[in-house]
$ cat my_file_12.txt   # compact mmCIF, N, CA and C atoms
# COMPACT_ATOMS: atom_id res chain seq x y z
N MET A 149 98.97 42.55 107.87
CA MET A 149 100.00 43.37 107.30
C MET A 149 101.39 42.93 107.74
N ASN A 150 101.51 42.47 108.98
CA ASN A 150 102.79 42.01 109.51
C ASN A 150 103.30 40.79 108.74
N LYS A 151 102.36 39.89 108.35
CA LYS A 151 102.74 38.71 107.57
C LYS A 151 103.27 39.10 106.20
N VAL A 152 102.68 40.12 105.60
CA VAL A 152 103.12 40.57 104.29
C VAL A 152 104.54 41.13 104.37
N LYS A 153 104.81 41.93 105.38
CA LYS A 153 106.16 42.48 105.54
C LYS A 153 107.18 41.38 105.78
N LYS A 154 106.81 40.40 106.61
CA LYS A 154 107.72 39.29 106.89
C LYS A 154 107.99 38.47 105.63
N SER A 155 106.95 38.20 104.86
CA SER A 155 107.10 37.44 103.61
C SER A 155 107.95 38.22 102.61
N LEU A 156 107.72 39.53 102.51
CA LEU A 156 108.50 40.35 101.60
C LEU A 156 109.97 40.37 102.01
N PHE A 157 110.25 40.45 103.29
CA PHE A 157 111.63 40.44 103.78
C PHE A 157 112.32 39.12 103.43
N ILE A 158 111.65 38.01 103.67
CA ILE A 158 112.22 36.69 103.35
C ILE A 158 112.47 36.57 101.85
N PHE A 159 111.54 37.04 101.06
CA PHE A 159 111.69 37.02 99.60
C PHE A 159 112.91 37.82 99.17
N LEU A 160 113.08 39.02 99.74
CA LEU A 160 114.22 39.87 99.38
C LEU A 160 115.55 39.24 99.80
N VAL A 161 115.57 38.55 100.92
CA VAL A 161 116.79 37.86 101.35
C VAL A 161 117.17 36.77 100.34
N PHE A 162 116.19 35.99 99.90
CA PHE A 162 116.47 34.93 98.92
C PHE A 162 116.90 35.51 97.57
N VAL A 163 116.28 36.59 97.16
CA VAL A 163 116.65 37.20 95.88
C VAL A 163 118.07 37.75 95.95
N SER A 164 118.42 38.43 97.02
CA SER A 164 119.78 38.97 97.12
C SER A 164 120.81 37.86 97.22
N ALA A 165 120.48 36.77 97.88
CA ALA A 165 121.42 35.64 97.97
C ALA A 165 121.61 34.98 96.61
N ALA A 166 120.56 34.94 95.81
CA ALA A 166 120.66 34.33 94.49
C ALA A 166 121.46 35.18 93.52
N CYS A 167 121.53 36.47 93.76
CA CYS A 167 122.22 37.38 92.86
C CYS A 167 123.73 37.45 93.09
N THR A 168 124.21 36.98 94.20
CA THR A 168 125.65 37.05 94.46
C THR A 168 126.37 36.00 93.64
N ASP A 169 127.57 36.32 93.21
CA ASP A 169 128.33 35.38 92.39
C ASP A 169 129.47 34.73 93.15
N GLY A 170 129.50 34.88 94.46
CA GLY A 170 130.50 34.22 95.26
C GLY A 170 131.85 34.90 95.26
N ARG A 171 131.90 36.16 94.92
CA ARG A 171 133.20 36.85 94.90
C ARG A 171 133.54 37.36 96.29
N ILE A 172 134.83 37.30 96.59
CA ILE A 172 135.29 37.88 97.86
C ILE A 172 136.10 39.14 97.61
N TYR A 173 136.49 39.36 96.35
CA TYR A 173 137.23 40.57 95.99
C TYR A 173 137.05 40.82 94.51
N GLU A 174 136.83 42.08 94.16
CA GLU A 174 136.82 42.48 92.75
C GLU A 174 137.17 43.96 92.67
N ASP A 175 138.12 44.28 91.80
CA ASP A 175 138.52 45.66 91.66
C ASP A 175 139.03 45.87 90.24
N PHE A 176 138.74 47.06 89.70
CA PHE A 176 139.22 47.46 88.38
C PHE A 176 140.00 48.76 88.51
N HIS A 177 141.02 48.90 87.67
CA HIS A 177 141.74 50.16 87.55
C HIS A 177 141.42 50.73 86.17
N ALA A 178 140.74 51.88 86.16
CA ALA A 178 140.45 52.55 84.89
C ALA A 178 141.74 53.15 84.35
N LEU A 179 141.88 53.11 83.04
CA LEU A 179 143.09 53.63 82.41
C LEU A 179 142.80 54.99 81.78
N PRO A 180 143.70 55.96 82.01
CA PRO A 180 143.48 57.30 81.46
C PRO A 180 143.42 57.26 79.94
N ASN A 181 142.47 57.96 79.40
CA ASN A 181 142.29 58.07 77.93
C ASN A 181 142.09 56.71 77.26
N GLN A 182 141.64 55.71 78.03
CA GLN A 182 141.42 54.36 77.49
C GLN A 182 142.65 53.87 76.73
N ASN A 183 143.80 54.00 77.38
CA ASN A 183 145.07 53.68 76.76
C ASN A 183 145.99 53.09 77.82
N TRP A 184 146.38 51.80 77.66
CA TRP A 184 147.25 51.15 78.62
C TRP A 184 148.68 51.29 78.15
N GLU A 185 149.44 52.09 78.87
CA GLU A 185 150.84 52.32 78.49
C GLU A 185 151.73 51.26 79.12
N VAL A 186 152.86 50.99 78.47
CA VAL A 186 153.75 49.92 78.90
C VAL A 186 154.28 50.16 80.31
N GLN A 187 154.42 51.40 80.73
CA GLN A 187 154.94 51.68 82.07
C GLN A 187 153.86 51.68 83.14
N ASP A 188 152.59 51.51 82.77
CA ASP A 188 151.50 51.49 83.75
C ASP A 188 151.49 50.16 84.51
N SER A 189 151.83 50.23 85.78
CA SER A 189 151.76 49.06 86.67
C SER A 189 150.47 49.18 87.46
N LEU A 190 149.58 48.24 87.29
CA LEU A 190 148.30 48.27 87.99
C LEU A 190 148.41 47.37 89.21
N VAL A 191 148.40 47.97 90.40
CA VAL A 191 148.64 47.24 91.65
C VAL A 191 147.32 47.10 92.41
N PHE A 192 147.03 45.86 92.84
CA PHE A 192 145.82 45.54 93.59
C PHE A 192 146.24 45.09 94.99
N ASP A 193 145.68 45.74 95.99
CA ASP A 193 146.00 45.43 97.39
C ASP A 193 145.11 44.31 97.89
N LEU A 194 145.70 43.18 98.23
CA LEU A 194 144.95 42.01 98.71
C LEU A 194 145.25 41.70 100.17
N SER A 195 145.73 42.68 100.91
CA SER A 195 146.14 42.42 102.29
C SER A 195 144.99 41.98 103.19
N ASP A 196 143.76 42.33 102.84
CA ASP A 196 142.60 41.95 103.66
C ASP A 196 141.82 40.77 103.09
N VAL A 197 142.39 40.06 102.11
CA VAL A 197 141.67 38.98 101.42
C VAL A 197 142.26 37.63 101.83
N ASN A 198 141.39 36.68 102.17
CA ASN A 198 141.81 35.32 102.50
C ASN A 198 141.97 34.55 101.19
N LEU A 199 143.17 34.14 100.85
CA LEU A 199 143.46 33.53 99.55
C LEU A 199 143.72 32.03 99.62
N VAL A 200 143.04 31.31 100.46
CA VAL A 200 143.26 29.87 100.58
C VAL A 200 142.48 29.14 99.49
N ASN A 201 143.21 28.62 98.48
CA ASN A 201 142.63 27.85 97.37
C ASN A 201 141.44 28.53 96.72
N THR A 202 141.57 29.81 96.42
CA THR A 202 140.49 30.56 95.79
C THR A 202 140.74 30.67 94.30
N PRO A 203 139.72 30.47 93.47
CA PRO A 203 139.89 30.69 92.03
C PRO A 203 140.06 32.19 91.75
N ASN A 204 140.92 32.49 90.81
CA ASN A 204 141.23 33.88 90.49
C ASN A 204 140.93 34.16 89.02
N LEU A 205 140.37 35.33 88.77
CA LEU A 205 140.07 35.75 87.41
C LEU A 205 140.76 37.08 87.15
N VAL A 206 141.13 37.28 85.90
CA VAL A 206 141.64 38.57 85.46
C VAL A 206 140.65 39.07 84.42
N ALA A 207 140.45 40.39 84.37
CA ALA A 207 139.46 40.95 83.46
C ALA A 207 140.06 42.13 82.70
N VAL A 208 139.66 42.23 81.42
CA VAL A 208 140.04 43.37 80.59
C VAL A 208 138.77 43.95 80.00
N LYS A 209 138.57 45.26 80.22
CA LYS A 209 137.48 45.99 79.57
C LYS A 209 138.08 46.69 78.37
N PHE A 210 137.55 46.41 77.19
CA PHE A 210 138.12 46.95 75.96
C PHE A 210 137.02 47.42 75.03
N ASN A 211 137.41 48.19 74.01
CA ASN A 211 136.43 48.67 73.03
C ASN A 211 136.94 48.44 71.62
N GLU A 212 136.23 48.97 70.66
CA GLU A 212 136.54 48.69 69.25
C GLU A 212 137.87 49.29 68.79
N GLU A 213 138.47 50.17 69.56
CA GLU A 213 139.76 50.73 69.20
C GLU A 213 140.91 49.76 69.48
N TYR A 214 140.65 48.69 70.25
CA TYR A 214 141.70 47.72 70.55
C TYR A 214 142.04 46.97 69.27
N GLY A 215 143.31 46.95 68.90
CA GLY A 215 143.70 46.45 67.58
C GLY A 215 144.22 45.03 67.51
N PHE A 216 144.11 44.26 68.58
CA PHE A 216 144.67 42.91 68.58
C PHE A 216 143.58 41.90 68.96
N SER A 217 143.83 40.63 68.69
CA SER A 217 142.86 39.58 69.05
C SER A 217 143.10 39.05 70.46
N ASN A 218 144.24 39.40 71.04
CA ASN A 218 144.59 38.90 72.37
C ASN A 218 145.29 40.00 73.17
N CYS A 219 145.62 39.67 74.41
CA CYS A 219 146.37 40.60 75.24
C CYS A 219 147.28 39.79 76.16
N TYR A 220 148.57 40.00 76.05
CA TYR A 220 149.52 39.35 76.96
C TYR A 220 149.63 40.19 78.22
N LEU A 221 149.48 39.52 79.37
CA LEU A 221 149.54 40.18 80.67
C LEU A 221 150.59 39.52 81.54
N ARG A 222 151.35 40.31 82.23
CA ARG A 222 152.27 39.81 83.24
C ARG A 222 151.57 39.96 84.58
N VAL A 223 151.45 38.85 85.34
CA VAL A 223 150.80 38.84 86.65
C VAL A 223 151.88 38.57 87.69
N ILE A 224 152.09 39.54 88.57
CA ILE A 224 153.14 39.43 89.59
C ILE A 224 152.48 39.53 90.96
N SER A 225 152.65 38.49 91.77
CA SER A 225 152.13 38.54 93.14
C SER A 225 153.29 38.67 94.11
N LYS A 226 153.06 39.48 95.16
CA LYS A 226 154.11 39.74 96.16
C LYS A 226 153.55 39.56 97.56
N ASP A 227 154.46 39.25 98.48
CA ASP A 227 154.06 39.15 99.89
C ASP A 227 154.18 40.52 100.55
N SER A 228 153.99 40.57 101.86
CA SER A 228 153.98 41.85 102.57
C SER A 228 155.33 42.56 102.57
N SER A 229 156.42 41.83 102.38
CA SER A 229 157.75 42.46 102.35
C SER A 229 158.18 42.83 100.93
N GLY A 230 157.33 42.56 99.93
CA GLY A 230 157.65 42.88 98.55
C GLY A 230 158.35 41.76 97.79
N LEU A 231 158.52 40.60 98.42
CA LEU A 231 159.14 39.44 97.77
C LEU A 231 158.18 38.88 96.71
N VAL A 232 158.70 38.65 95.50
CA VAL A 232 157.88 38.13 94.41
C VAL A 232 157.59 36.65 94.65
N LEU A 233 156.29 36.30 94.71
CA LEU A 233 155.88 34.91 94.91
C LEU A 233 155.56 34.23 93.58
N GLU A 234 154.94 34.95 92.67
CA GLU A 234 154.60 34.44 91.33
C GLU A 234 154.90 35.53 90.32
N ASN A 235 155.36 35.12 89.14
CA ASN A 235 155.59 36.05 88.04
C ASN A 235 155.26 35.28 86.77
N LYS A 236 154.03 35.42 86.29
CA LYS A 236 153.55 34.62 85.16
C LYS A 236 153.10 35.51 84.01
N LEU A 237 153.34 35.03 82.81
CA LEU A 237 152.85 35.68 81.61
C LEU A 237 151.64 34.88 81.12
N ILE A 238 150.52 35.56 80.93
CA ILE A 238 149.32 34.87 80.44
C ILE A 238 148.86 35.52 79.15
N ASN A 239 148.17 34.75 78.34
CA ASN A 239 147.64 35.22 77.07
C ASN A 239 146.11 35.21 77.15
N MET A 240 145.50 36.37 77.15
CA MET A 240 144.04 36.47 77.16
C MET A 240 143.55 36.65 75.73
N ILE A 241 142.70 35.74 75.29
CA ILE A 241 142.09 35.85 73.97
C ILE A 241 140.86 36.74 74.11
N LEU A 242 140.82 37.84 73.36
CA LEU A 242 139.73 38.81 73.47
C LEU A 242 138.71 38.70 72.33
N PHE A 243 139.12 38.10 71.21
CA PHE A 243 138.23 37.97 70.06
C PHE A 243 138.24 36.53 69.57
N ASP A 244 137.11 36.07 69.11
CA ASP A 244 137.00 34.72 68.55
C ASP A 244 137.89 34.63 67.31
N PRO A 245 138.78 33.62 67.24
CA PRO A 245 139.72 33.55 66.11
C PRO A 245 139.05 33.29 64.76
N LYS A 246 137.89 32.67 64.73
CA LYS A 246 137.24 32.38 63.46
C LYS A 246 136.31 33.50 63.00
N SER A 247 135.46 33.96 63.91
CA SER A 247 134.46 34.96 63.51
C SER A 247 134.96 36.40 63.69
N GLY A 248 135.94 36.60 64.57
CA GLY A 248 136.40 37.95 64.85
C GLY A 248 135.51 38.71 65.81
N GLU A 249 134.49 38.04 66.34
CA GLU A 249 133.57 38.67 67.29
C GLU A 249 134.24 38.81 68.65
N PRO A 250 133.97 39.92 69.34
CA PRO A 250 134.55 40.07 70.68
C PRO A 250 134.01 39.03 71.65
N LEU A 251 134.88 38.51 72.50
CA LEU A 251 134.48 37.57 73.54
C LEU A 251 134.17 38.36 74.80
N GLY A 252 133.39 37.79 75.68
CA GLY A 252 133.03 38.49 76.90
C GLY A 252 131.67 39.13 76.77
N GLU A 253 131.35 39.90 77.80
CA GLU A 253 130.04 40.54 77.84
C GLU A 253 130.19 42.02 77.59
N GLY A 254 129.14 42.61 77.04
CA GLY A 254 129.17 44.04 76.82
C GLY A 254 128.04 44.47 75.92
N PHE A 255 128.02 45.74 75.65
CA PHE A 255 127.04 46.30 74.73
C PHE A 255 127.68 47.49 74.04
N GLY A 256 127.10 47.86 72.90
CA GLY A 256 127.71 48.94 72.12
C GLY A 256 129.06 48.48 71.63
N ASN A 257 130.07 49.27 71.88
CA ASN A 257 131.41 48.90 71.44
C ASN A 257 132.34 48.60 72.61
N SER A 258 131.79 48.37 73.80
CA SER A 258 132.60 48.12 75.00
C SER A 258 132.31 46.72 75.54
N TYR A 259 133.38 45.96 75.83
CA TYR A 259 133.24 44.57 76.27
C TYR A 259 134.14 44.31 77.47
N THR A 260 133.73 43.36 78.30
CA THR A 260 134.55 42.92 79.43
C THR A 260 134.77 41.43 79.29
N ARG A 261 136.02 41.04 79.28
CA ARG A 261 136.39 39.63 79.14
C ARG A 261 137.07 39.18 80.43
N TYR A 262 136.50 38.15 81.07
CA TYR A 262 137.09 37.52 82.26
C TYR A 262 137.78 36.24 81.81
N ASP A 263 138.92 35.96 82.41
CA ASP A 263 139.62 34.71 82.13
C ASP A 263 140.22 34.19 83.43
N THR A 264 140.19 32.87 83.60
CA THR A 264 140.73 32.25 84.80
C THR A 264 142.25 32.23 84.73
N LEU A 265 142.87 32.63 85.82
CA LEU A 265 144.32 32.56 85.89
C LEU A 265 144.74 31.09 86.01
N PRO A 266 145.83 30.69 85.35
CA PRO A 266 146.25 29.29 85.36
C PRO A 266 146.96 28.86 86.65
N PHE A 267 146.84 29.65 87.70
CA PHE A 267 147.45 29.31 88.97
C PHE A 267 146.61 29.92 90.09
N VAL A 268 146.83 29.45 91.30
CA VAL A 268 146.16 29.97 92.49
C VAL A 268 147.17 30.82 93.24
N PHE A 269 146.73 31.97 93.72
CA PHE A 269 147.65 32.83 94.48
C PHE A 269 148.10 32.13 95.75
N ASN A 270 149.36 32.33 96.09
CA ASN A 270 149.92 31.86 97.34
C ASN A 270 149.17 32.54 98.49
N PRO A 271 148.83 31.83 99.57
CA PRO A 271 148.12 32.45 100.70
C PRO A 271 148.87 33.64 101.31
N LEU A 272 150.18 33.75 101.07
CA LEU A 272 150.96 34.87 101.59
C LEU A 272 150.87 36.12 100.72
N THR A 273 150.18 36.02 99.56
CA THR A 273 150.07 37.14 98.64
C THR A 273 149.35 38.32 99.28
N LYS A 274 149.97 39.49 99.20
CA LYS A 274 149.37 40.72 99.74
C LYS A 274 149.11 41.76 98.65
N SER A 275 149.74 41.60 97.48
CA SER A 275 149.47 42.51 96.36
C SER A 275 149.69 41.78 95.04
N VAL A 276 148.97 42.23 94.03
CA VAL A 276 149.11 41.69 92.68
C VAL A 276 149.29 42.86 91.74
N THR A 277 150.28 42.74 90.85
CA THR A 277 150.54 43.78 89.86
C THR A 277 150.28 43.20 88.48
N LEU A 278 149.57 43.96 87.63
CA LEU A 278 149.32 43.57 86.26
C LEU A 278 150.04 44.54 85.33
N LEU A 279 150.73 43.99 84.34
CA LEU A 279 151.45 44.78 83.33
C LEU A 279 151.04 44.27 81.95
N GLN A 280 150.97 45.16 80.98
CA GLN A 280 150.72 44.71 79.61
C GLN A 280 152.04 44.33 78.97
N TYR A 281 152.04 43.23 78.22
CA TYR A 281 153.25 42.72 77.57
C TYR A 281 152.99 42.51 76.08
N MET A 282 152.52 43.56 75.41
CA MET A 282 152.15 43.45 73.99
C MET A 282 153.21 44.02 73.04
N ARG A 283 154.38 44.39 73.56
CA ARG A 283 155.45 44.97 72.74
C ARG A 283 155.01 46.26 72.06
N GLN A 284 154.09 46.96 72.69
CA GLN A 284 153.61 48.25 72.22
C GLN A 284 153.75 49.23 73.37
N ASP A 285 154.18 50.44 73.08
CA ASP A 285 154.26 51.44 74.14
C ASP A 285 152.87 51.80 74.67
N GLN A 286 151.89 51.76 73.78
CA GLN A 286 150.52 52.10 74.16
C GLN A 286 149.55 51.09 73.57
N LEU A 287 148.53 50.75 74.35
CA LEU A 287 147.45 49.88 73.88
C LEU A 287 146.15 50.68 73.89
N PRO A 288 145.84 51.36 72.80
CA PRO A 288 144.58 52.09 72.76
C PRO A 288 143.40 51.13 72.76
N GLY A 289 142.33 51.54 73.40
CA GLY A 289 141.11 50.73 73.43
C GLY A 289 140.95 49.92 74.69
N VAL A 290 141.92 49.94 75.60
CA VAL A 290 141.78 49.24 76.87
C VAL A 290 141.24 50.25 77.88
N GLU A 291 140.02 50.02 78.34
CA GLU A 291 139.35 50.96 79.24
C GLU A 291 139.73 50.73 80.70
N ALA A 292 139.82 49.47 81.10
CA ALA A 292 140.14 49.14 82.49
C ALA A 292 140.63 47.71 82.57
N VAL A 293 141.35 47.41 83.63
CA VAL A 293 141.86 46.06 83.88
C VAL A 293 141.62 45.76 85.35
N GLY A 294 141.24 44.51 85.64
CA GLY A 294 140.95 44.18 87.04
C GLY A 294 141.18 42.72 87.35
N ILE A 295 140.98 42.41 88.62
CA ILE A 295 141.03 41.03 89.06
C ILE A 295 139.79 40.75 89.90
N LYS A 296 139.43 39.48 89.95
CA LYS A 296 138.28 39.02 90.71
C LYS A 296 138.68 37.73 91.40
N ILE A 297 138.39 37.64 92.69
CA ILE A 297 138.72 36.44 93.46
C ILE A 297 137.42 35.87 93.99
N LEU A 298 137.20 34.59 93.70
CA LEU A 298 135.96 33.91 94.08
C LEU A 298 136.14 33.08 95.34
N LYS A 299 135.04 32.73 95.96
CA LYS A 299 135.09 31.86 97.14
C LYS A 299 135.50 30.47 96.77
$ encode --input "my_file_12.txt" --output "structure tokens"
Amino acid sequence: MNKVKKSLFIFLVFVSAACTDGRIYEDFHALPNQNWEVQDSLVFDLSDVNLVNTPNLVAVKFNEEYGFSNCYLRVISKDSSGLVLENKLINMILFDPKSGEPLGEGFGNSYTRYDTLPFVFNPLTKSVTLLQYMRQDQLPGVEAVGIKILK
């Protein structure tokens, strides 16, 4: 019986190791009423994250009420004193331009699209702010927005 428990423990360790995706940070901010307003600044605290040459992803969870094929995001990273280190505008494509099918993973009418940021955060980065830049006061259909930092 002891061998069975030991074998089961080793098996579970390997299975759990295989299931990890190498992330060191992931967080989403849910948006009230699934509506991203222009004044909503989504701030992510990275003060406890080691950011040495780590790939960064941004994610948008959206549904069928979202009325555009893309989403422009402003990504602002700051150091501990609030000094802006990066201020970039990125264009996330959410729907395939030819078929109109939503990109990303999901089921029903809700999808999550991850996209790689075109830059690496400065190691001094302590917070990241995401803003929508779609020239609309409100973006209905956006359920949540987040970032993911990989090893």
$ residues_around --input "my_file_12.txt" --residues "segment 237-250 of chain A" --least-positions-apart "4" --cutoff "10 Å" --atoms "only C-alpha atoms" --output "number ranges by chain"
A: 206-212, 214, 216-224, 254, 257-266, 278-282
$ closest_residue --input "my_file_12.txt" --among "A:Val200, A:Leu287, A:Leu272, A:Ile295" --to "Val232 of chain A" --atoms "only C-alpha atoms"
A:Leu272
$ atom_distance --input "my_file_12.txt" --atom1 "atom N of Ser228 of chain A" --atom2 "atom CA of Phe267 of chain A"
18.3 Å
$ atom_distance --input "my_file_12.txt" --atom1 "atom CA of Lys274 of chain A" --atom2 "atom CA of Leu190 of chain A"
14.0 Å
$ atom_distance --input "my_file_12.txt" --atom1 "atom C of Gly215 of chain A" --atom2 "atom CA of Leu179 of chain A"
17.2 Å
$ build_atoms --input "my_file_12.txt" --residues "segment 182-192 of chain A" --atoms "all heavy atoms" --output "mmCIF file, in the coordinates of the input"
data_model
loop_
_atom_site.group_PDB
_atom_site.id
_atom_site.type_symbol
_atom_site.label_atom_id
_atom_site.label_comp_id
_atom_site.auth_asym_id
_atom_site.auth_seq_id
_atom_site.Cartn_x
_atom_site.Cartn_y
_atom_site.Cartn_z
ATOM 1 N N GLN A 182 141.640 55.710 78.030
ATOM 2 C CA GLN A 182 141.420 54.360 77.490
ATOM 3 C C GLN A 182 142.650 53.870 76.730
ATOM 4 O O GLN A 182 142.575 53.380 75.605
ATOM 5 C CB GLN A 182 140.175 54.321 76.623
ATOM 6 C CG GLN A 182 138.938 54.695 77.390
ATOM 7 C CD GLN A 182 137.696 54.692 76.549
ATOM 8 O OE1 GLN A 182 137.720 54.442 75.348
ATOM 9 N NE2 GLN A 182 136.573 54.955 77.182
ATOM 10 N N ASN A 183 143.800 54.000 77.380
ATOM 11 C CA ASN A 183 145.070 53.680 76.760
ATOM 12 C C ASN A 183 145.990 53.090 77.820
ATOM 13 O O ASN A 183 146.362 53.766 78.770
ATOM 14 C CB ASN A 183 145.664 54.964 76.174
ATOM 15 C CG ASN A 183 146.856 54.689 75.311
ATOM 16 O OD1 ASN A 183 147.076 53.574 74.868
ATOM 17 N ND2 ASN A 183 147.637 55.713 75.066
ATOM 18 N N TRP A 184 146.380 51.800 77.660
ATOM 19 C CA TRP A 184 147.250 51.150 78.620
ATOM 20 C C TRP A 184 148.680 51.290 78.150
ATOM 21 O O TRP A 184 149.095 50.669 77.173
ATOM 22 C CB TRP A 184 146.869 49.694 78.769
ATOM 23 C CG TRP A 184 147.457 49.011 79.975
ATOM 24 C CD1 TRP A 184 148.264 49.558 80.916
ATOM 25 C CD2 TRP A 184 147.270 47.656 80.350
ATOM 26 N NE1 TRP A 184 148.596 48.630 81.876
ATOM 27 C CE2 TRP A 184 147.988 47.443 81.547
ATOM 28 C CE3 TRP A 184 146.569 46.603 79.809
ATOM 29 C CZ2 TRP A 184 148.025 46.217 82.194
ATOM 30 C CZ3 TRP A 184 146.594 45.380 80.453
ATOM 31 C CH2 TRP A 184 147.313 45.185 81.644
ATOM 32 N N GLU A 185 149.440 52.090 78.870
ATOM 33 C CA GLU A 185 150.840 52.320 78.490
ATOM 34 C C GLU A 185 151.730 51.260 79.120
ATOM 35 O O GLU A 185 151.417 50.709 80.163
ATOM 36 C CB GLU A 185 151.258 53.722 78.896
ATOM 37 C CG GLU A 185 150.410 54.763 78.192
ATOM 38 C CD GLU A 185 151.062 56.115 78.094
ATOM 39 O OE1 GLU A 185 152.282 56.215 78.304
ATOM 40 O OE2 GLU A 185 150.334 57.059 77.790
ATOM 41 N N VAL A 186 152.860 50.990 78.470
ATOM 42 C CA VAL A 186 153.750 49.920 78.900
ATOM 43 C C VAL A 186 154.280 50.160 80.310
ATOM 44 O O VAL A 186 154.544 49.211 81.041
ATOM 45 C CB VAL A 186 154.885 49.715 77.866
ATOM 46 C CG1 VAL A 186 155.878 50.863 77.912
ATOM 47 C CG2 VAL A 186 155.577 48.384 78.059
ATOM 48 N N GLN A 187 154.420 51.400 80.730
ATOM 49 C CA GLN A 187 154.940 51.680 82.070
ATOM 50 C C GLN A 187 153.860 51.680 83.140
ATOM 51 O O GLN A 187 154.180 51.830 84.320
ATOM 52 C CB GLN A 187 155.723 53.009 82.096
ATOM 53 C CG GLN A 187 154.862 54.241 81.986
ATOM 54 C CD GLN A 187 154.651 54.699 80.549
ATOM 55 O OE1 GLN A 187 154.959 53.990 79.605
ATOM 56 N NE2 GLN A 187 154.112 55.891 80.394
ATOM 57 N N ASP A 188 152.590 51.510 82.770
ATOM 58 C CA ASP A 188 151.500 51.490 83.750
ATOM 59 C C ASP A 188 151.490 50.160 84.510
ATOM 60 O O ASP A 188 151.187 49.110 83.942
ATOM 61 C CB ASP A 188 150.142 51.684 83.074
ATOM 62 C CG ASP A 188 149.951 53.086 82.528
ATOM 63 O OD1 ASP A 188 150.674 53.999 82.975
ATOM 64 O OD2 ASP A 188 149.086 53.260 81.656
ATOM 65 N N SER A 189 151.830 50.230 85.780
ATOM 66 C CA SER A 189 151.760 49.060 86.670
ATOM 67 C C SER A 189 150.470 49.180 87.460
ATOM 68 O O SER A 189 150.300 50.123 88.230
ATOM 69 C CB SER A 189 152.940 49.038 87.642
ATOM 70 O OG SER A 189 154.142 48.915 86.941
ATOM 71 N N LEU A 190 149.580 48.240 87.290
ATOM 72 C CA LEU A 190 148.300 48.270 87.990
ATOM 73 C C LEU A 190 148.410 47.370 89.210
ATOM 74 O O LEU A 190 148.507 46.152 89.093
ATOM 75 C CB LEU A 190 147.180 47.812 87.057
ATOM 76 C CG LEU A 190 147.129 48.551 85.709
ATOM 77 C CD1 LEU A 190 146.022 47.984 84.841
ATOM 78 C CD2 LEU A 190 146.960 50.038 85.907
ATOM 79 N N VAL A 191 148.400 47.970 90.400
ATOM 80 C CA VAL A 191 148.640 47.240 91.650
ATOM 81 C C VAL A 191 147.320 47.100 92.410
ATOM 82 O O VAL A 191 146.612 48.080 92.622
ATOM 83 C CB VAL A 191 149.689 47.966 92.521
ATOM 84 C CG1 VAL A 191 149.932 47.200 93.814
ATOM 85 C CG2 VAL A 191 150.995 48.146 91.744
ATOM 86 N N PHE A 192 147.030 45.860 92.840
ATOM 87 C CA PHE A 192 145.820 45.540 93.590
ATOM 88 C C PHE A 192 146.240 45.090 94.990
ATOM 89 O O PHE A 192 147.033 44.167 95.134
ATOM 90 C CB PHE A 192 145.036 44.436 92.885
ATOM 91 C CG PHE A 192 144.595 44.828 91.503
ATOM 92 C CD1 PHE A 192 145.421 44.635 90.409
ATOM 93 C CD2 PHE A 192 143.363 45.412 91.301
ATOM 94 C CE1 PHE A 192 145.027 45.006 89.141
ATOM 95 C CE2 PHE A 192 142.958 45.792 90.036
ATOM 96 C CZ PHE A 192 143.790 45.594 88.947
#
